file input_30.cif (mmCIF, C-alpha atoms and all ligand atoms)
data_protein
loop_
_atom_site.label_atom_id
_atom_site.label_comp_id
_atom_site.auth_asym_id
_atom_site.auth_seq_id
_atom_site.Cartn_x
_atom_site.Cartn_y
_atom_site.Cartn_z
CA MET A 9 -3.10 -51.98 -70.49
CA ALA A 10 -2.66 -48.24 -69.93
CA PRO A 11 -4.81 -46.88 -67.09
CA PHE A 12 -7.93 -44.99 -68.12
CA VAL A 13 -7.18 -42.15 -65.72
CA LYS A 14 -3.56 -41.35 -64.96
CA ILE A 15 -2.90 -38.76 -62.29
CA SER A 16 0.79 -37.94 -61.98
CA GLU A 17 2.25 -36.05 -59.03
CA ILE A 18 -0.60 -33.59 -58.84
CA THR A 19 -0.55 -30.75 -56.32
CA LYS A 20 -3.18 -28.10 -55.62
CA ARG A 21 -2.38 -25.11 -53.44
CA PHE A 22 -4.84 -22.49 -52.25
CA GLY A 23 -2.46 -19.71 -51.19
CA ASP A 24 -0.14 -21.34 -48.65
CA PHE A 25 -2.45 -24.25 -48.04
CA ILE A 26 -1.77 -27.54 -49.83
CA ALA A 27 -5.13 -29.26 -50.47
CA VAL A 28 -3.72 -32.05 -52.67
CA ASP A 29 -0.08 -33.00 -52.23
CA THR A 30 2.00 -34.65 -55.03
CA LEU A 31 -0.62 -37.33 -55.51
CA SER A 32 -0.28 -40.05 -58.16
CA LEU A 33 -3.06 -42.48 -58.98
CA ASP A 34 -4.05 -44.83 -61.83
CA ILE A 35 -7.69 -45.78 -62.36
CA GLU A 36 -8.60 -48.66 -64.65
CA LYS A 37 -11.32 -48.46 -67.27
CA GLY A 38 -14.70 -49.63 -65.96
CA ALA A 39 -13.74 -49.27 -62.30
CA LEU A 40 -16.05 -47.94 -59.62
CA PHE A 41 -13.32 -46.10 -57.78
CA CYS A 42 -14.12 -44.63 -54.36
CA LEU A 43 -12.07 -41.75 -53.02
CA LEU A 44 -12.47 -42.10 -49.28
CA GLY A 45 -11.26 -39.81 -46.53
CA GLY A 46 -12.20 -37.51 -43.69
CA SER A 47 -13.50 -33.98 -44.09
CA GLY A 48 -11.04 -31.58 -45.67
CA CYS A 49 -8.56 -34.24 -46.88
CA GLY A 50 -8.79 -33.00 -50.47
CA LYS A 51 -11.22 -35.46 -52.11
CA THR A 52 -13.48 -32.86 -53.71
CA THR A 53 -10.50 -30.80 -54.87
CA LEU A 54 -9.09 -33.87 -56.65
CA LEU A 55 -12.48 -34.59 -58.24
CA ARG A 56 -12.81 -30.98 -59.39
CA MET A 57 -9.35 -31.15 -60.99
CA LEU A 58 -10.44 -34.26 -62.93
CA ALA A 59 -13.50 -32.34 -64.14
CA GLY A 60 -11.41 -29.29 -65.06
CA LEU A 61 -13.26 -27.09 -62.55
CA GLU A 62 -10.01 -26.49 -60.69
CA THR A 63 -6.55 -26.08 -62.26
CA PRO A 64 -3.67 -28.08 -60.72
CA THR A 65 -0.76 -26.07 -59.33
CA SER A 66 1.55 -28.77 -60.71
CA GLY A 67 1.33 -32.30 -62.06
CA THR A 68 -0.69 -33.80 -64.92
CA ILE A 69 -3.94 -35.66 -65.51
CA GLU A 70 -4.48 -37.94 -68.48
CA ILE A 71 -7.90 -39.31 -69.33
CA ASP A 72 -8.20 -42.04 -71.95
CA GLY A 73 -4.65 -41.36 -73.09
CA HIS A 74 -5.09 -37.57 -73.48
CA ASP A 75 -3.38 -34.91 -71.40
CA MET A 76 -6.09 -32.73 -69.88
CA SER A 77 -3.88 -29.68 -69.25
CA GLY A 78 -5.73 -26.64 -70.55
CA VAL A 79 -8.75 -28.69 -71.74
CA HIS A 80 -12.01 -26.90 -70.90
CA PRO A 81 -14.48 -28.85 -68.68
CA ALA A 82 -17.03 -29.04 -71.50
CA ASP A 83 -14.44 -30.60 -73.81
CA ARG A 84 -13.49 -33.41 -71.41
CA PRO A 85 -15.08 -36.88 -71.77
CA VAL A 86 -16.29 -36.35 -68.23
CA ASN A 87 -19.46 -35.43 -66.39
CA TYR A 88 -19.91 -34.39 -62.78
CA MET A 89 -22.82 -35.23 -60.51
CA PHE A 90 -23.06 -32.67 -57.74
CA GLN A 91 -23.85 -33.52 -54.15
CA ASN A 92 -27.06 -31.45 -54.07
CA TYR A 93 -28.11 -32.81 -57.53
CA ALA A 94 -28.64 -29.23 -58.82
CA LEU A 95 -31.83 -30.14 -60.75
CA PHE A 96 -33.63 -27.27 -62.48
CA PRO A 97 -36.86 -26.87 -60.48
CA HIS A 98 -38.91 -25.34 -63.31
CA MET A 99 -38.05 -28.09 -65.81
CA SER A 100 -39.68 -31.51 -66.07
CA VAL A 101 -37.69 -34.66 -65.30
CA ALA A 102 -37.33 -35.34 -69.04
CA LYS A 103 -36.08 -31.80 -69.72
CA ASN A 104 -33.64 -32.03 -66.83
CA ILE A 105 -32.24 -35.28 -68.21
CA GLY A 106 -32.11 -33.86 -71.73
CA TYR A 107 -30.50 -30.56 -70.78
CA GLY A 108 -26.97 -31.51 -71.81
CA LEU A 109 -28.20 -33.30 -74.93
CA ALA A 110 -30.09 -30.23 -76.13
CA ARG A 111 -27.07 -28.05 -75.52
CA ALA A 112 -24.97 -30.48 -77.54
CA GLY A 113 -27.40 -30.07 -80.46
CA ILE A 114 -29.01 -33.50 -80.16
CA SER A 115 -32.70 -33.32 -81.14
CA GLY A 116 -35.60 -35.22 -82.67
CA ALA A 117 -35.81 -38.98 -82.39
CA ASP A 118 -32.24 -39.28 -81.10
CA TYR A 119 -33.08 -36.96 -78.23
CA ASP A 120 -36.35 -38.76 -77.40
CA ASP A 121 -34.72 -42.20 -77.58
CA ARG A 122 -31.91 -41.19 -75.27
CA ILE A 123 -34.32 -39.75 -72.69
CA ALA A 124 -36.41 -42.93 -72.82
CA GLN A 125 -33.26 -45.06 -72.37
CA MET A 126 -32.14 -42.98 -69.41
CA LEU A 127 -35.56 -43.08 -67.72
CA LYS A 128 -35.53 -46.86 -68.13
CA LEU A 129 -31.97 -47.14 -66.81
CA VAL A 130 -32.87 -45.38 -63.56
CA ARG A 131 -36.31 -47.00 -63.36
CA LEU A 132 -38.30 -43.78 -63.73
CA GLU A 133 -40.36 -44.64 -66.81
CA GLY A 134 -43.60 -42.68 -66.61
CA PHE A 135 -42.01 -39.93 -64.51
CA GLY A 136 -40.73 -37.82 -67.41
CA HIS A 137 -43.42 -35.13 -67.13
CA ARG A 138 -43.05 -34.55 -63.37
CA LYS A 139 -41.25 -31.60 -61.83
CA PRO A 140 -38.39 -32.21 -59.34
CA ASP A 141 -40.51 -31.09 -56.38
CA GLN A 142 -42.93 -33.93 -57.14
CA LEU A 143 -40.20 -36.52 -56.54
CA SER A 144 -38.81 -38.25 -53.46
CA GLY A 145 -35.16 -37.80 -52.47
CA GLY A 146 -34.19 -41.12 -54.03
CA GLN A 147 -35.99 -40.32 -57.26
CA LYS A 148 -34.27 -36.93 -57.50
CA GLN A 149 -30.96 -38.68 -57.07
CA ARG A 150 -31.81 -41.00 -59.97
CA VAL A 151 -32.80 -38.07 -62.20
CA ALA A 152 -29.46 -36.42 -61.43
CA LEU A 153 -27.69 -39.67 -62.29
CA ALA A 154 -29.65 -40.00 -65.54
CA ARG A 155 -28.83 -36.40 -66.46
CA ALA A 156 -25.15 -36.96 -65.74
CA LEU A 157 -25.10 -40.11 -67.87
CA ALA A 158 -27.26 -38.87 -70.77
CA ARG A 159 -24.36 -37.70 -72.89
CA ARG A 160 -22.55 -40.99 -72.27
CA PRO A 161 -19.46 -39.61 -70.59
CA LYS A 162 -16.50 -41.97 -70.44
CA LEU A 163 -15.89 -40.91 -66.88
CA LEU A 164 -18.53 -39.94 -64.34
CA LEU A 165 -17.48 -38.08 -61.20
CA LEU A 166 -19.89 -38.29 -58.26
CA ASP A 167 -19.46 -36.14 -55.17
CA GLU A 168 -21.13 -37.81 -52.17
CA PRO A 169 -23.94 -39.13 -54.41
CA LEU A 170 -25.87 -40.72 -51.55
CA ALA A 171 -25.31 -38.17 -48.79
CA ALA A 172 -28.77 -36.58 -49.11
CA LEU A 173 -30.61 -39.89 -48.67
CA ASP A 174 -31.71 -41.44 -45.39
CA LYS A 175 -30.01 -44.61 -44.18
CA LYS A 176 -32.42 -47.23 -45.55
CA LEU A 177 -32.78 -45.59 -48.96
CA ARG A 178 -29.05 -45.15 -49.08
CA GLU A 179 -28.44 -48.87 -48.75
CA ASP A 180 -30.91 -49.69 -51.54
CA THR A 181 -29.48 -46.93 -53.73
CA GLN A 182 -25.93 -48.20 -53.24
CA PHE A 183 -26.85 -51.44 -55.00
CA GLU A 184 -28.69 -49.60 -57.75
CA LEU A 185 -25.69 -47.38 -58.40
CA VAL A 186 -23.43 -50.42 -58.65
CA ASN A 187 -25.88 -52.18 -61.01
CA ILE A 188 -26.14 -49.16 -63.30
CA GLN A 189 -22.39 -48.74 -63.32
CA GLU A 190 -21.90 -52.42 -64.18
CA ASP A 191 -24.54 -52.31 -66.92
CA LEU A 192 -22.94 -49.31 -68.61
CA GLY A 193 -19.29 -50.12 -67.92
CA THR A 194 -18.66 -46.38 -67.50
CA THR A 195 -15.76 -45.54 -65.18
CA PHE A 196 -17.10 -43.95 -61.98
CA VAL A 197 -15.10 -41.99 -59.43
CA VAL A 198 -17.16 -41.55 -56.27
CA VAL A 199 -16.17 -39.29 -53.39
CA THR A 200 -17.36 -40.39 -49.96
CA HIS A 201 -16.39 -40.02 -46.33
CA ASP A 202 -18.38 -43.13 -45.38
CA GLN A 203 -16.17 -46.22 -44.95
CA GLU A 204 -19.02 -48.72 -45.16
CA GLU A 205 -20.34 -47.11 -48.31
CA ALA A 206 -16.92 -47.23 -49.96
CA MET A 207 -16.47 -50.87 -48.90
CA SER A 208 -19.84 -51.92 -50.28
CA ILE A 209 -19.81 -50.09 -53.63
CA GLY A 210 -16.15 -49.65 -54.57
CA SER A 211 -14.32 -52.07 -56.86
CA GLN A 212 -11.24 -50.09 -55.82
CA ILE A 213 -10.80 -47.64 -52.97
CA GLY A 214 -8.20 -44.91 -52.54
CA VAL A 215 -7.90 -43.62 -48.99
CA MET A 216 -6.81 -39.99 -48.65
CA ASP A 217 -5.43 -38.14 -45.64
CA ALA A 218 -4.16 -34.55 -45.57
CA GLY A 219 -3.96 -34.25 -49.35
CA LYS A 220 -2.06 -37.51 -49.82
CA LEU A 221 -3.15 -40.93 -51.00
CA VAL A 222 -2.45 -43.33 -48.14
CA GLN A 223 -3.28 -46.68 -49.77
CA THR A 224 -5.18 -47.98 -52.80
CA GLY A 225 -6.68 -51.40 -53.35
CA THR A 226 -9.78 -53.55 -53.37
CA PRO A 227 -11.99 -53.28 -50.27
CA GLN A 228 -10.80 -56.71 -49.16
CA SER A 229 -7.09 -56.04 -49.64
CA LEU A 230 -7.33 -52.79 -47.67
CA TYR A 231 -9.13 -54.54 -44.83
CA ASP A 232 -6.98 -57.67 -44.75
CA ALA A 233 -3.63 -56.12 -45.56
CA PRO A 234 -3.49 -52.51 -44.38
CA LYS A 235 0.02 -51.07 -44.65
CA SER A 236 -0.12 -48.72 -41.68
CA LYS A 237 -1.73 -48.26 -38.28
CA PHE A 238 -3.69 -45.35 -39.73
CA MET A 239 -5.16 -47.62 -42.43
CA ALA A 240 -5.88 -50.52 -40.07
CA ASP A 241 -7.75 -48.19 -37.74
CA PHE A 242 -9.47 -46.22 -40.50
CA LEU A 243 -11.18 -49.18 -42.13
CA GLY A 244 -12.90 -51.34 -39.53
CA SER A 245 -12.16 -52.09 -35.93
CA VAL A 246 -8.75 -53.27 -34.70
CA SER A 247 -6.60 -53.86 -31.59
CA PHE A 248 -2.87 -53.13 -31.49
CA LEU A 249 -0.10 -54.92 -29.57
CA PRO A 250 3.61 -54.00 -29.69
CA ALA A 251 6.22 -56.64 -30.59
CA THR A 252 9.74 -57.14 -31.92
CA ILE A 253 10.61 -59.39 -34.87
CA LYS A 254 12.50 -62.52 -33.79
CA THR A 255 12.90 -64.37 -37.06
CA ALA A 256 11.84 -63.55 -40.61
CA SER A 257 11.95 -66.09 -43.42
CA SER A 258 10.11 -66.30 -46.73
CA SER A 259 7.50 -68.60 -45.20
CA LYS A 260 7.02 -67.32 -41.67
CA ILE A 261 7.64 -64.43 -39.32
CA THR A 262 7.94 -64.81 -35.57
CA ALA A 263 7.79 -61.93 -33.14
CA THR A 264 7.78 -61.54 -29.42
CA GLY A 265 6.06 -59.08 -27.11
CA LEU A 266 3.46 -59.77 -24.50
CA ILE A 267 3.37 -63.27 -26.01
CA ASP A 268 5.06 -65.04 -28.93
CA PHE A 269 3.47 -64.36 -32.30
CA THR A 270 3.71 -66.20 -35.58
CA ALA A 271 2.55 -64.56 -38.79
CA LEU A 272 2.74 -65.04 -42.53
CA PRO A 273 5.37 -62.89 -44.22
CA ALA A 274 3.78 -59.65 -45.45
CA GLN A 275 5.95 -56.55 -45.58
CA ASP A 276 9.74 -56.44 -45.45
CA PHE A 277 10.63 -57.02 -41.84
CA ALA A 278 13.97 -58.09 -40.39
CA LYS A 279 15.11 -59.46 -37.05
CA GLY A 280 15.03 -56.79 -34.33
CA ASP A 281 12.46 -54.53 -36.08
CA LYS A 282 9.89 -52.99 -33.76
CA VAL A 283 6.41 -53.69 -35.08
CA THR A 284 2.76 -53.31 -34.18
CA ILE A 285 0.56 -56.38 -34.33
CA ALA A 286 -2.96 -55.55 -35.50
CA LEU A 287 -5.80 -57.95 -34.80
CA ARG A 288 -9.33 -57.71 -36.21
CA PRO A 289 -12.02 -58.47 -33.59
CA GLU A 290 -13.72 -61.23 -35.60
CA LYS A 291 -10.41 -63.07 -36.10
CA ILE A 292 -9.88 -63.65 -32.37
CA ASN A 293 -11.34 -66.74 -30.70
CA LEU A 294 -12.09 -67.09 -27.01
CA SER A 295 -11.96 -70.41 -25.19
CA ARG A 296 -11.58 -71.76 -21.68
CA GLY A 297 -8.29 -73.29 -20.50
CA ASP A 298 -4.69 -72.13 -20.43
CA ALA A 299 -2.74 -70.24 -23.07
CA LYS A 300 -0.22 -72.55 -24.72
CA GLY A 301 2.33 -71.55 -27.34
CA ALA A 302 2.33 -68.76 -29.91
CA ASN A 303 -0.73 -66.63 -30.75
CA GLN A 304 -2.46 -67.49 -27.47
CA MET A 305 -2.84 -65.19 -24.48
CA MET A 306 -4.80 -65.01 -21.27
CA VAL A 307 -7.31 -62.16 -21.09
CA THR A 308 -9.89 -61.02 -18.59
CA ILE A 309 -13.34 -60.21 -19.91
CA GLU A 310 -14.34 -56.66 -18.97
CA GLU A 311 -17.39 -56.01 -21.11
CA LEU A 312 -19.90 -58.18 -22.96
CA GLY A 313 -22.42 -56.64 -25.35
CA TYR A 314 -24.92 -59.24 -26.51
CA LEU A 315 -26.60 -58.20 -29.77
CA GLY A 316 -28.34 -61.46 -30.70
CA SER A 317 -26.39 -62.55 -33.77
CA VAL A 318 -23.06 -61.36 -32.38
CA THR A 319 -21.51 -60.47 -29.03
CA HIS A 320 -19.03 -57.59 -28.68
CA VAL A 321 -16.39 -58.35 -26.07
CA ARG A 322 -13.76 -56.09 -24.56
CA ALA A 323 -11.03 -57.91 -22.67
CA ARG A 324 -7.87 -56.88 -20.83
CA THR A 325 -4.52 -58.54 -21.51
CA THR A 326 -2.06 -59.23 -18.68
CA ASP A 327 -0.22 -55.97 -19.45
CA GLY A 328 -3.44 -53.97 -19.26
CA THR A 329 -4.09 -53.47 -23.00
CA MET A 330 -7.77 -53.59 -23.95
CA ILE A 331 -8.59 -55.71 -26.99
CA LYS A 332 -11.84 -56.02 -28.94
CA ILE A 333 -13.33 -59.36 -29.89
CA LEU A 334 -16.41 -60.09 -31.98
CA LEU A 335 -18.01 -63.46 -31.31
CA SER A 336 -20.62 -64.75 -33.74
CA ASN A 337 -23.44 -66.54 -31.94
CA ARG A 338 -23.99 -69.38 -34.37
CA ARG A 339 -25.23 -71.73 -31.71
CA ARG A 340 -27.28 -71.14 -28.67
CA THR A 341 -25.12 -71.79 -25.66
CA GLN A 342 -25.98 -72.51 -22.05
CA ASP A 343 -22.48 -71.74 -21.01
CA ALA A 344 -21.73 -68.21 -22.21
CA PHE A 345 -18.69 -66.22 -21.04
CA THR A 346 -19.19 -63.91 -18.08
CA TRP A 347 -17.66 -60.68 -16.80
CA ASP A 348 -14.31 -61.03 -15.04
CA GLU A 349 -13.79 -64.49 -16.45
CA GLN A 350 -10.22 -65.35 -17.46
CA VAL A 351 -10.11 -66.97 -20.89
CA VAL A 352 -7.71 -67.75 -23.71
CA ALA A 353 -7.69 -65.39 -26.71
CA SER A 354 -6.16 -67.07 -29.75
CA PHE A 355 -5.75 -66.31 -33.45
CA ASP A 356 -4.29 -67.87 -36.59
CA PRO A 357 -0.96 -66.81 -38.14
CA GLN A 358 -2.71 -65.67 -41.35
CA ASP A 359 -4.83 -63.24 -39.32
CA VAL A 360 -1.88 -61.52 -37.67
CA ILE A 361 -1.34 -58.17 -39.41
CA LEU A 362 2.23 -56.87 -38.98
CA LEU A 363 2.72 -53.12 -39.30
CA PRO A 364 5.70 -50.82 -38.93
CA GLU A 365 5.73 -49.45 -35.37
CA ASP A 366 5.48 -45.78 -36.37
CA SER A 367 2.97 -45.91 -39.22
P1 LIG A 401 -15.36 -32.70 -47.37
O1 LIG A 401 -15.64 -34.15 -47.25
O2 LIG A 401 -15.53 -31.94 -46.08
O3 LIG A 401 -16.03 -32.03 -48.56
P2 LIG A 401 -12.89 -32.84 -48.90
O4 LIG A 401 -11.97 -33.96 -48.61
O5 LIG A 401 -13.73 -32.95 -50.12
O6 LIG A 401 -13.78 -32.55 -47.62
P3 LIG A 401 -11.87 -30.47 -50.11
O7 LIG A 401 -13.18 -29.81 -50.41
O8 LIG A 401 -11.14 -31.04 -51.26
O9 LIG A 401 -12.02 -31.54 -48.96
O10 LIG A 401 -10.95 -29.38 -49.40
C1 LIG A 401 -9.62 -29.69 -49.00
C2 LIG A 401 -9.05 -28.51 -48.26
O11 LIG A 401 -8.84 -27.43 -49.17
C3 LIG A 401 -9.94 -27.97 -47.15
O12 LIG A 401 -9.15 -27.65 -46.04
C4 LIG A 401 -10.56 -26.74 -47.76
O13 LIG A 401 -10.86 -25.78 -46.76
C5 LIG A 401 -9.50 -26.26 -48.71
N1 LIG A 401 -10.10 -25.57 -49.87
C6 LIG A 401 -10.92 -26.12 -50.78
N2 LIG A 401 -11.27 -25.21 -51.73
C7 LIG A 401 -10.63 -24.05 -51.40
C8 LIG A 401 -10.57 -22.74 -51.97
N3 LIG A 401 -11.21 -22.45 -53.10
N4 LIG A 401 -9.83 -21.83 -51.34
C9 LIG A 401 -9.15 -22.12 -50.21
N5 LIG A 401 -9.14 -23.33 -49.61
C10 LIG A 401 -9.89 -24.30 -50.19
#
call {"tool": "encode", "arguments": {"input": "input_30.cif", "output": "structure tokens"}}
result
Amino acid sequence: MAPFVKISEITKRFGDFIAVDTLSLDIEKGALFCLLGGSGCGKTTLLRMLAGLETPTSGTIEIDGHDMSGVHPADRPVNYMFQNYALFPHMSVAKNIGYGLARAGISGADYDDRIAQMLKLVRLEGFGHRKPDQLSGGQKQRVALARALARRPKLLLLDEPLAALDKKLREDTQFELVNIQEDLGTTFVVVTHDQEEAMSIGSQIGVMDAGKLVQTGTPQSLYDAPKSKFMADFLGSVSFLPATIKTASSSKITATGLIDFTALPAQDFAKGDKVTIALRPEKINLSRGDAKGANQMMVTIEELGYLGSVTHVRARTTDGTMIKILLSNRRRTQDAFTWDEQVVASFDPQDVILLPEDS
């Protein structure tokens, strides 16, 4: 199936500065696609090019099979929800939601029905007559969402839709946004700089850095199979150890460094390649005894942070590297690890992430 949004080698320059750099991306119909990246990496510029608010310096954008070059924002099957919501303060909630409908010449029963549907969708029935200043932050956000969806765009672009909400409300609203998106099946592209938010709402995530797309995938694939040190470090916590590939077959990779490693084959590696081993903290086990064989190493516990359900551990390997371990405290134990204790850190081959050394 052809992708719903097809971005091909798009570049946007502002004078000498390249905000988006030969970026290509396909987005499937019905996806909740999160564009994730640090400040200034070009997320908003890409979103604005999709909306037609910014013209690409080069490259093309197709939406639903149509080339958008030269197509005016109002003529695109797209709507844009701004970060500050931009509600009209003098208009009621219903009038705010109906603004685009009225401009499109929709009136009478059709208009009223659509407003009622939208108020129901965002759970604000009975709020139609209020003014924006009589609403909470979360309710304003829902009015903005209803207004953006009222004309049934095929693609909704949301720039940091939850940034104005406090932490608790943000978590509740994340789920609501996902539910509404799933109910409607509209394709959403959400810009965020918040990794956790992208992981919890995105069906697909594209990570951007310095105008380029670094990696795209489901939240789980990005976390479990990052393709670079940047990606491994960007999403979640990780420890790195250097190693050199010893053998590489279609079923198994072995490498040697501080210890011997065995891993499942992932990227194309050959004997002699310098690699970085990435380990997620929750994939490392600690036990008492001696290290024996591959994927086991002696470490000295340097820090223990007990948080009730989990304990954060920092431990030093025999070459002085600090590694992070997350222990889940499923059982109450009388015999917990202590500072300065020497223990065995071990991990399974499927949890060894192999990355190119300079990535
Ligand atoms: P943030 O999360 O901080 O909003 P972002 O990833 O959305 O960041 P953009 O707003 O896309 O970043 O900006 C990318 C880069 O392009 C920034 O360095 C910004 O200063 C620059 N930029 C954006 N718009 C313009 C403009 N109109 N003129 C010049 N430079 C611009």
call {"tool": "atom_distance", "arguments": {"input": "input_30.cif", "atom1": "CA of Val351 in chain A", "atom2": "CA of Ala251 in chain A"}}
result
21.6 Å
call {"tool": "axis_aligned_box", "arguments": {"input": "input_30.cif", "around": "ligand LIG 401 (chain A)", "padding_each_side": "8 Å", "output": "JSON"}}
result
{"center_x": -12.4, "center_y": -28.0, "center_z": -49.6, "size_x": 23.2, "size_y": 28.3, "size_z": 23.1}
call {"tool": "residues_around", "arguments": {"input": "input_30.cif", "residues": "Met99 in chain A", "least_positions_apart": "2", "cutoff": "12 Å", "atoms": "all atoms listed in the file", "output": "list in words"}}
result
Ala94, Leu95, Phe96, Pro97, Val101, Ala102, Lys103, Asn104, Ile105, Gly106, Tyr107, Gly136, His137, Arg138, Lys139, Pro140, Asp141, Gln142 and Val151 of chain A
call {"tool": "residues_near_ligand", "arguments": {"input": "input_30.cif", "ligand": "ligand LIG 401 (chain A)", "cutoff": "10 Å", "atoms": "all atoms listed in the file", "output": "compact mmCIF listing (two decimals) with C-alpha atoms, in the coordinates of the input"}}
result
# COMPACT_ATOMS: atom_id res chain seq x y z
CA LYS A 20 -3.18 -28.10 -55.62
CA ARG A 21 -2.38 -25.11 -53.44
CA PHE A 22 -4.84 -22.49 -52.25
CA GLY A 23 -2.46 -19.71 -51.19
CA ASP A 24 -0.14 -21.34 -48.65
CA PHE A 25 -2.45 -24.25 -48.04
CA ILE A 26 -1.77 -27.54 -49.83
CA ALA A 27 -5.13 -29.26 -50.47
CA VAL A 28 -3.72 -32.05 -52.67
CA LEU A 43 -12.07 -41.75 -53.02
CA LEU A 44 -12.47 -42.10 -49.28
CA GLY A 45 -11.26 -39.81 -46.53
CA GLY A 46 -12.20 -37.51 -43.69
CA SER A 47 -13.50 -33.98 -44.09
CA GLY A 48 -11.04 -31.58 -45.67
CA CYS A 49 -8.56 -34.24 -46.88
CA GLY A 50 -8.79 -33.00 -50.47
CA LYS A 51 -11.22 -35.46 -52.11
CA THR A 52 -13.48 -32.86 -53.71
CA THR A 53 -10.50 -30.80 -54.87
CA LEU A 54 -9.09 -33.87 -56.65
CA LEU A 55 -12.48 -34.59 -58.24
CA ARG A 56 -12.81 -30.98 -59.39
CA MET A 57 -9.35 -31.15 -60.99
CA GLU A 62 -10.01 -26.49 -60.69
CA GLN A 91 -23.85 -33.52 -54.15
CA ASP A 167 -19.46 -36.14 -55.17
CA GLU A 168 -21.13 -37.81 -52.17
CA VAL A 199 -16.17 -39.29 -53.39
CA THR A 200 -17.36 -40.39 -49.96
CA HIS A 201 -16.39 -40.02 -46.33
CA ASP A 202 -18.38 -43.13 -45.38
CA MET A 216 -6.81 -39.99 -48.65
CA ASP A 217 -5.43 -38.14 -45.64
CA ALA A 218 -4.16 -34.55 -45.57
CA GLY A 219 -3.96 -34.25 -49.35
call {"tool": "residues_around", "arguments": {"input": "input_30.cif", "residues": "Asp348 in chain A", "least_positions_apart": "3", "cutoff": "9 Å", "atoms": "all atoms listed in the file", "output": "list of chain:residue names"}}
result
A:Thr308, A:Ile309, A:Glu310, A:Glu311, A:Ala323
call {"tool": "closest_residue", "arguments": {"input": "input_30.cif", "among": "A:Gln149, A:Gln125, A:Ser144, A:Gln182", "to": "Met89 in chain A", "atoms": "all atoms listed in the file"}}
result
A:Gln149
call {"tool": "closest_residue", "arguments": {"input": "input_30.cif", "among": "A:Lys279, A:Ala152, A:Gly145, A:Ser236", "to": "Gln223 in chain A", "atoms": "only C-alpha atoms"}}
result
A:Ser236
call {"tool": "closest_residue", "arguments": {"input": "input_30.cif", "among": "A:Pro364, A:Pro161, A:Gly134, A:Pro85", "to": "Pro250 in chain A", "atoms": "only C-alpha atoms"}}
result
A:Pro364
call {"tool": "closest_residue", "arguments": {"input": "input_30.cif", "among": "A:Leu312, A:Val283, A:Val186, A:Leu272", "to": "Asp356 in chain A", "atoms": "only C-alpha atoms"}}
result
A:Leu272
call {"tool": "closest_residue", "arguments": {"input": "input_30.cif", "among": "A:Thr194, A:Ser247, A:Thr63, A:Asn187", "to": "Arg322 in chain A", "atoms": "all atoms listed in the file"}}
result
A:Ser247
call {"tool": "closest_residue", "arguments": {"input": "input_30.cif", "among": "A:Gly328, A:Gly214, A:Pro11, A:Gly193", "to": "Leu243 in chain A", "atoms": "only C-alpha atoms"}}
result
A:Gly214
call {"tool": "residues_around", "arguments": {"input": "input_30.cif", "residues": "Thr262 in chain A", "least_positions_apart": "3", "cutoff": "12 Å", "atoms": "all atoms listed in the file", "output": "PyMOL selection string"}}
result
chain A and resi 251-259+265+267-274+277-281+283+285+302-303+357+360+362
call {"tool": "atom_distance", "arguments": {"input": "input_30.cif", "atom1": "CA of Arg131 in chain A", "atom2": "CA of Glu179 in chain A"}}
result
16.7 Å
call {"tool": "atom_distance", "arguments": {"input": "input_30.cif", "atom1": "CA of His98 in chain A", "atom2": "CA of Phe135 in chain A"}}
result
15.0 Å
call {"tool": "residues_around", "arguments": {"input": "input_30.cif", "residues": "Asp232 in chain A", "least_positions_apart": "2", "cutoff": "10 Å", "atoms": "only C-alpha atoms", "output": "VMD selection string"}}
result
chain A and resid 226 to 230 234 to 235 240 243 288 358 to 361
